[in-house]
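Below is one structure; the comments refer to it alone.
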Amino acid sequence: MAQTVDETETLPVSTLDLADFGNRLEMCIRDEGVSLNNLFRAVILANDDNRSIRLHVLKADGNGRPQVGQLVRCLCAKILDYCFPRKQITQAFEHFNATGSTSRIGALHLEAQKMFTDISNTGEGGELLLFILTESILGYPQALSKMAIKTSSKMHYHGLDGVYVSCKGKPPSLRLHFGESKLHKSPTGSLKEATNSIADMLKDEGFLDSARRDYYLLNTQVDLGDEDLDDALKGFLDPMDCRFFSPEICAVLLSGHELEDYPVVTNDEPLPEQVTKESKRLISVLEKNATKREIDNFHIDLFLVPFPNIQSFRDSLLMELGLKND
């Protein structure tokens, strides 16, 4: 006699459809909009179906100095969010609520500091800034904590600088946003390096080559802080799952570079002509290099973030993290 099969055993843990997933995904965003508004004069240079380009110029303090120090402090205050899966952070705060002790929160912070490399030309400050801007400004939650899977603090993680997820587009669809950040003295050099680094990842149709490792990690290590969301995303990305959606692959880039005669910017007054002129030139650089690397048809979000001095920013971050002495 044939045995009956309990069909409920084969149902997925999550029954979220893409619309519900998108709505609940917005609750995962860790919004630092107020801090960013206090730190930066932000200008939207382009915003259409295939491009969003934003310029973020550091505001000056009361003495006319760009707020590099305040930016570094803001970045270091976010290292728990950046480095650890949301589940670990939640467990640490549950321990605090149960015991009144901050020991587990403090332990996480100490561990996060040790994850960063202490090499002088580190680009991890740019990656951390990209994370904050992407979640707070674009509203794309980080889906994979790459710092938690680094094997050595003495080296950078070899792969994407972040994987973010959204349900944007027209009509709304599942999007994976591959992050890439570059800090470079030269504005042109920074932007070209970012587009060159991301090009092979974007063009890896089927995730069989350059993006294979990151795609595998996303499928196994996804962390949106919600079991239903995590399970739904795994189902959406699995070609063998009935919930599968072929995702649109996009790029979110940060170009951190130096700007001569850094302007004194306080509130919302017009930016100096030299700044807007340079930004327009960099948009042309992006489009030319994207065409050259055959990624011009991909959706690209770009943050242009000029600094008075890139090496000074790197050094200040390492000192704030306790990885470098004065």
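Labeling convention for the structure tokens: chains A, B, ... as they appear, residues from 1 per chain, ligands from 1 in order of appearance.
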Test item: residues at most 12 Å from Phe207 in chain A, only C-alpha atoms, excluding those fewer than 4 positions along its chain, as a ChimeraX atom specification: /A:200-203,211-219,237-239,246-247,249
Generate a file of the selected residues that holds C-alpha atoms, formatted as an mmCIF file, in the first residue's frame.
data_model
loop_
_atom_site.group_PDB
_atom_site.id
_atom_site.type_symbol
_atom_site.label_atom_id
_atom_site.label_comp_id
_atom_site.auth_asym_id
_atom_site.auth_seq_id
_atom_site.Cartn_x
_atom_site.Cartn_y
_atom_site.Cartn_z
ATOM 1 C CA ASP A 200 33.978 41.171 -14.363
ATOM 2 C CA MET A 201 31.619 40.592 -11.436
ATOM 3 C CA LEU A 202 28.739 42.286 -13.242
ATOM 4 C CA LYS A 203 29.330 40.391 -16.474
ATOM 5 C CA ALA A 211 31.266 36.293 -8.797
ATOM 6 C CA ARG A 212 31.006 32.599 -7.998
ATOM 7 C CA ARG A 213 32.538 32.728 -4.515
ATOM 8 C CA ASP A 214 30.584 35.813 -3.417
ATOM 9 C CA TYR A 215 27.340 34.367 -4.752
ATOM 10 C CA TYR A 216 27.955 31.137 -2.826
ATOM 11 C CA LEU A 217 28.625 33.101 0.359
ATOM 12 C CA LEU A 218 25.465 35.123 -0.159
ATOM 13 C CA ASN A 219 23.427 31.934 -0.465
ATOM 14 C CA LEU A 237 18.284 33.026 -5.683
ATOM 15 C CA ASP A 238 18.027 29.235 -6.051
ATOM 16 C CA PRO A 239 17.237 28.070 -9.615
ATOM 17 C CA SER A 246 16.476 35.749 -11.726
ATOM 18 C CA PRO A 247 17.931 38.845 -10.050
ATOM 19 C CA ILE A 249 22.747 42.564 -11.053
#
Name all residues at most 12 Å from His109 in chain A (count only C-alpha atoms; drop same-chain ones fewer than 6 positions away) and give them as a list in words.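 Near His109 in chain A, the qualifying residues are Cys76, Ala77, Lys78, Ile79, Leu80, Asp81, Tyr82, Cys83, Phe84, Gln88, Ile89, Ala92, Thr102, Ser103, Met115, Phe116, Leu321 and Gly322 of chain A.
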Output file for the residues above (C-alpha atoms, as a PDB file, in the first residue's frame):
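Listing of selection32.pdb after writing:
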ATOM      1  CA  CYS A  76      34.105  53.882  13.814  1.00  0.00           C
ATOM      2  CA  ALA A  77      30.790  54.081  15.663  1.00  0.00           C
ATOM      3  CA  LYS A  78      29.267  51.871  12.940  1.00  0.00           C
ATOM      4  CA  ILE A  79      31.787  49.035  12.928  1.00  0.00           C
ATOM      5  CA  LEU A  80      29.485  46.609  14.763  1.00  0.00           C
ATOM      6  CA  ASP A  81      26.766  47.049  12.134  1.00  0.00           C
ATOM      7  CA  TYR A  82      29.297  46.648   9.338  1.00  0.00           C
ATOM      8  CA  CYS A  83      31.325  43.738  10.680  1.00  0.00           C
ATOM      9  CA  PHE A  84      28.838  41.387  12.267  1.00  0.00           C
ATOM     10  CA  GLN A  88      25.117  38.317  16.638  1.00  0.00           C
ATOM     11  CA  ILE A  89      24.343  41.943  17.430  1.00  0.00           C
ATOM     12  CA  ALA A  92      24.515  40.778  22.438  1.00  0.00           C
ATOM     13  CA  THR A 102      27.319  45.386  28.307  1.00  0.00           C
ATOM     14  CA  SER A 103      30.068  42.759  28.312  1.00  0.00           C
ATOM     15  CA  MET A 115      39.074  42.697  11.959  1.00  0.00           C
ATOM     16  CA  PHE A 116      40.437  45.815  10.276  1.00  0.00           C
ATOM     17  CA  LEU A 321      40.518  52.127  15.689  1.00  0.00           C
ATOM     18  CA  GLY A 322      43.628  51.817  17.860  1.00  0.00           C
TER      19      GLY A 322
END
Of the candidates A:Leu75, A:Met319, A:Ile53, A:Ile149, which one gets nearest to Ser255 in chain A if we count only C-alpha atoms? A:Ile53
Could you give me the residues within range 109-248 of chain A that DSSP places in alpha helix (DSSP H), as a PyMOL selection string? chain A and resi 109-115+124-133+187-202+212-221+227-237
Write the selection just made, keeping C-alpha atoms, as a PDB file, in the first residue's frame?
ATOM      1  CA  HIS A 109      33.364  45.995  19.560  1.00  0.00           C
ATOM      2  CA  LEU A 110      36.842  44.778  20.508  1.00  0.00           C
ATOM      3  CA  GLU A 111      36.574  41.936  18.000  1.00  0.00           C
ATOM      4  CA  ALA A 112      35.405  44.320  15.287  1.00  0.00           C
ATOM      5  CA  GLN A 113      38.452  46.539  15.793  1.00  0.00           C
ATOM      6  CA  LYS A 114      40.727  43.523  15.290  1.00  0.00           C
ATOM      7  CA  MET A 115      39.074  42.697  11.959  1.00  0.00           C
ATOM      8  CA  GLU A 124      38.579  49.757   4.414  1.00  0.00           C
ATOM      9  CA  GLY A 125      37.559  53.276   5.432  1.00  0.00           C
ATOM     10  CA  GLY A 126      36.052  53.720   1.981  1.00  0.00           C
ATOM     11  CA  GLU A 127      34.284  50.362   2.231  1.00  0.00           C
ATOM     12  CA  LEU A 128      32.796  51.325   5.597  1.00  0.00           C
ATOM     13  CA  LEU A 129      31.635  54.676   4.197  1.00  0.00           C
ATOM     14  CA  LEU A 130      30.122  52.917   1.171  1.00  0.00           C
ATOM     15  CA  PHE A 131      28.172  50.670   3.563  1.00  0.00           C
ATOM     16  CA  ILE A 132      26.715  53.613   5.496  1.00  0.00           C
ATOM     17  CA  LEU A 133      25.813  55.607   2.381  1.00  0.00           C
ATOM     18  CA  PRO A 187      39.889  61.324  -9.003  1.00  0.00           C
ATOM     19  CA  THR A 188      40.208  59.687 -12.415  1.00  0.00           C
ATOM     20  CA  GLY A 189      42.318  56.847 -11.011  1.00  0.00           C
ATOM     21  CA  SER A 190      39.840  56.157  -8.226  1.00  0.00           C
ATOM     22  CA  LEU A 191      36.857  56.001 -10.559  1.00  0.00           C
ATOM     23  CA  LYS A 192      38.590  53.869 -13.180  1.00  0.00           C
ATOM     24  CA  GLU A 193      39.808  51.408 -10.551  1.00  0.00           C
ATOM     25  CA  ALA A 194      36.294  51.066  -9.144  1.00  0.00           C
ATOM     26  CA  THR A 195      34.672  50.383 -12.524  1.00  0.00           C
ATOM     27  CA  ASN A 196      37.471  48.034 -13.600  1.00  0.00           C
ATOM     28  CA  SER A 197      37.202  46.060 -10.352  1.00  0.00           C
ATOM     29  CA  ILE A 198      33.443  45.571 -10.614  1.00  0.00           C
ATOM     30  CA  ALA A 199      33.193  44.894 -14.370  1.00  0.00           C
ATOM     31  CA  ASP A 200      33.978  41.171 -14.363  1.00  0.00           C
ATOM     32  CA  MET A 201      31.619  40.592 -11.436  1.00  0.00           C
ATOM     33  CA  LEU A 202      28.739  42.286 -13.242  1.00  0.00           C
ATOM     34  CA  ARG A 212      31.006  32.599  -7.998  1.00  0.00           C
ATOM     35  CA  ARG A 213      32.538  32.728  -4.515  1.00  0.00           C
ATOM     36  CA  ASP A 214      30.584  35.813  -3.417  1.00  0.00           C
ATOM     37  CA  TYR A 215      27.340  34.367  -4.752  1.00  0.00           C
ATOM     38  CA  TYR A 216      27.955  31.137  -2.826  1.00  0.00           C
ATOM     39  CA  LEU A 217      28.625  33.101   0.359  1.00  0.00           C
ATOM     40  CA  LEU A 218      25.465  35.123  -0.159  1.00  0.00           C
ATOM     41  CA  ASN A 219      23.427  31.934  -0.465  1.00  0.00           C
ATOM     42  CA  THR A 220      24.940  30.404   2.655  1.00  0.00           C
ATOM     43  CA  GLN A 221      25.760  33.406   4.876  1.00  0.00           C
ATOM     44  CA  GLU A 227      14.683  34.295   9.408  1.00  0.00           C
ATOM     45  CA  ASP A 228      11.786  34.683   6.961  1.00  0.00           C
ATOM     46  CA  LEU A 229      13.675  37.254   4.889  1.00  0.00           C
ATOM     47  CA  ASP A 230      16.855  35.172   4.889  1.00  0.00           C
ATOM     48  CA  ASP A 231      14.982  32.066   3.774  1.00  0.00           C
ATOM     49  CA  ALA A 232      12.998  33.949   1.137  1.00  0.00           C
ATOM     50  CA  LEU A 233      16.151  35.459  -0.390  1.00  0.00           C
ATOM     51  CA  LYS A 234      17.800  32.040  -0.547  1.00  0.00           C
ATOM     52  CA  GLY A 235      14.716  30.737  -2.338  1.00  0.00           C
ATOM     53  CA  PHE A 236      14.635  33.669  -4.763  1.00  0.00           C
ATOM     54  CA  LEU A 237      18.284  33.026  -5.683  1.00  0.00           C
TER      55      LEU A 237
END
Which residue gives the smallest distance to His56 in chain A among A:Ser210, A:Asn38, A:Thr15, A:Ser316, with only C-alpha atoms counted?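 Using only C-alpha atoms, the shortest distance to His56 in chain A belongs to A:Asn38.
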Contacts of Phe298 in chain A within 12 Å, only C-alpha atoms, excl. fewer than 2 positions in-chain, as a VMD selection string: chain A and resid 49 to 52 169 175 to 178 195 198 to 199 201 to 203 248 to 252 287 290 to 291 293 to 296 300 to 301
Could you write out the selected residues, including N, CA and C atoms, as a compact mmCIF listing (two decimals), in the first residue's frame?
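Saved to again_14.txt:
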# COMPACT_ATOMS: atom_id res chain seq x y z
N ASP A 49 16.90 55.70 -14.71
CA ASP A 49 16.75 54.25 -14.64
C ASP A 49 18.07 53.51 -14.49
N ASN A 50 19.13 54.02 -15.13
CA ASN A 50 20.39 53.29 -15.15
C ASN A 50 21.49 53.91 -14.29
N ARG A 51 21.28 55.14 -13.83
CA ARG A 51 22.33 55.82 -13.07
C ARG A 51 21.75 56.63 -11.92
N SER A 52 22.43 56.55 -10.78
CA SER A 52 22.25 57.57 -9.75
C SER A 52 23.66 57.97 -9.32
N GLY A 169 13.61 49.30 -9.13
CA GLY A 169 13.44 49.14 -10.57
C GLY A 169 12.01 49.36 -11.00
N ARG A 175 16.89 42.91 -6.93
CA ARG A 175 18.19 43.41 -7.36
C ARG A 175 19.27 43.05 -6.35
N LEU A 176 20.40 42.61 -6.87
CA LEU A 176 21.62 42.46 -6.07
C LEU A 176 22.56 43.58 -6.48
N HIS A 177 23.01 44.34 -5.49
CA HIS A 177 23.90 45.46 -5.75
C HIS A 177 25.30 45.08 -5.26
N PHE A 178 26.22 44.91 -6.20
CA PHE A 178 27.60 44.57 -5.86
C PHE A 178 28.38 45.84 -5.57
N THR A 195 35.42 51.00 -11.42
CA THR A 195 34.67 50.38 -12.52
C THR A 195 35.40 49.15 -13.07
N ILE A 198 34.79 46.13 -10.68
CA ILE A 198 33.44 45.57 -10.61
C ILE A 198 33.01 44.94 -11.93
N ALA A 199 33.67 45.28 -13.04
CA ALA A 199 33.19 44.89 -14.37
C ALA A 199 33.03 43.38 -14.54
N MET A 201 32.68 41.09 -12.31
CA MET A 201 31.62 40.59 -11.44
C MET A 201 30.25 40.80 -12.08
N LEU A 202 30.03 41.98 -12.63
CA LEU A 202 28.74 42.29 -13.24
C LEU A 202 28.47 41.41 -14.46
N LYS A 203 29.50 41.13 -15.23
CA LYS A 203 29.33 40.39 -16.47
C LYS A 203 29.32 38.88 -16.30
N GLU A 248 18.33 41.03 -10.98
CA GLU A 248 19.06 42.01 -11.78
C GLU A 248 20.33 42.37 -11.02
N ILE A 249 21.46 42.27 -11.69
CA ILE A 249 22.75 42.56 -11.05
C ILE A 249 23.10 44.02 -11.31
N CYS A 250 23.43 44.73 -10.24
CA CYS A 250 23.72 46.16 -10.31
C CYS A 250 25.04 46.44 -9.58
N ALA A 251 25.52 47.66 -9.71
CA ALA A 251 26.75 48.07 -9.02
C ALA A 251 26.47 49.29 -8.16
N VAL A 252 27.10 49.34 -7.00
CA VAL A 252 27.10 50.55 -6.18
C VAL A 252 28.57 50.86 -5.87
N GLU A 287 31.18 57.11 -17.63
CA GLU A 287 30.47 56.59 -18.80
C GLU A 287 31.44 56.02 -19.83
N ALA A 290 32.76 52.73 -18.37
CA ALA A 290 31.70 51.73 -18.35
C ALA A 290 31.46 51.17 -19.75
N THR A 291 31.50 52.04 -20.74
CA THR A 291 31.33 51.59 -22.13
C THR A 291 32.50 50.71 -22.55
N ARG A 293 34.39 48.87 -20.68
CA ARG A 293 34.33 47.58 -19.98
C ARG A 293 33.01 46.84 -20.21
N GLU A 294 32.17 47.39 -21.07
CA GLU A 294 30.90 46.77 -21.48
C GLU A 294 29.94 46.57 -20.32
N ILE A 295 29.87 47.58 -19.44
CA ILE A 295 28.91 47.51 -18.33
C ILE A 295 28.00 48.74 -18.32
N ASP A 296 27.96 49.46 -19.43
CA ASP A 296 27.18 50.70 -19.48
C ASP A 296 25.67 50.45 -19.39
N ILE A 300 24.00 51.49 -12.25
CA ILE A 300 25.15 51.84 -11.42
C ILE A 300 24.78 53.02 -10.53
N ASP A 301 24.95 52.84 -9.22
CA ASP A 301 24.88 53.94 -8.26
C ASP A 301 26.31 54.35 -7.94
Between CA of Leu304 in chain A and CA of Arg65 in chain A, what is the spacing in Å?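 The value is 19.5 Å.
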CA of Met27 in chain A and CA of Phe93 in chain A are how many Å apart? 18.1 Å
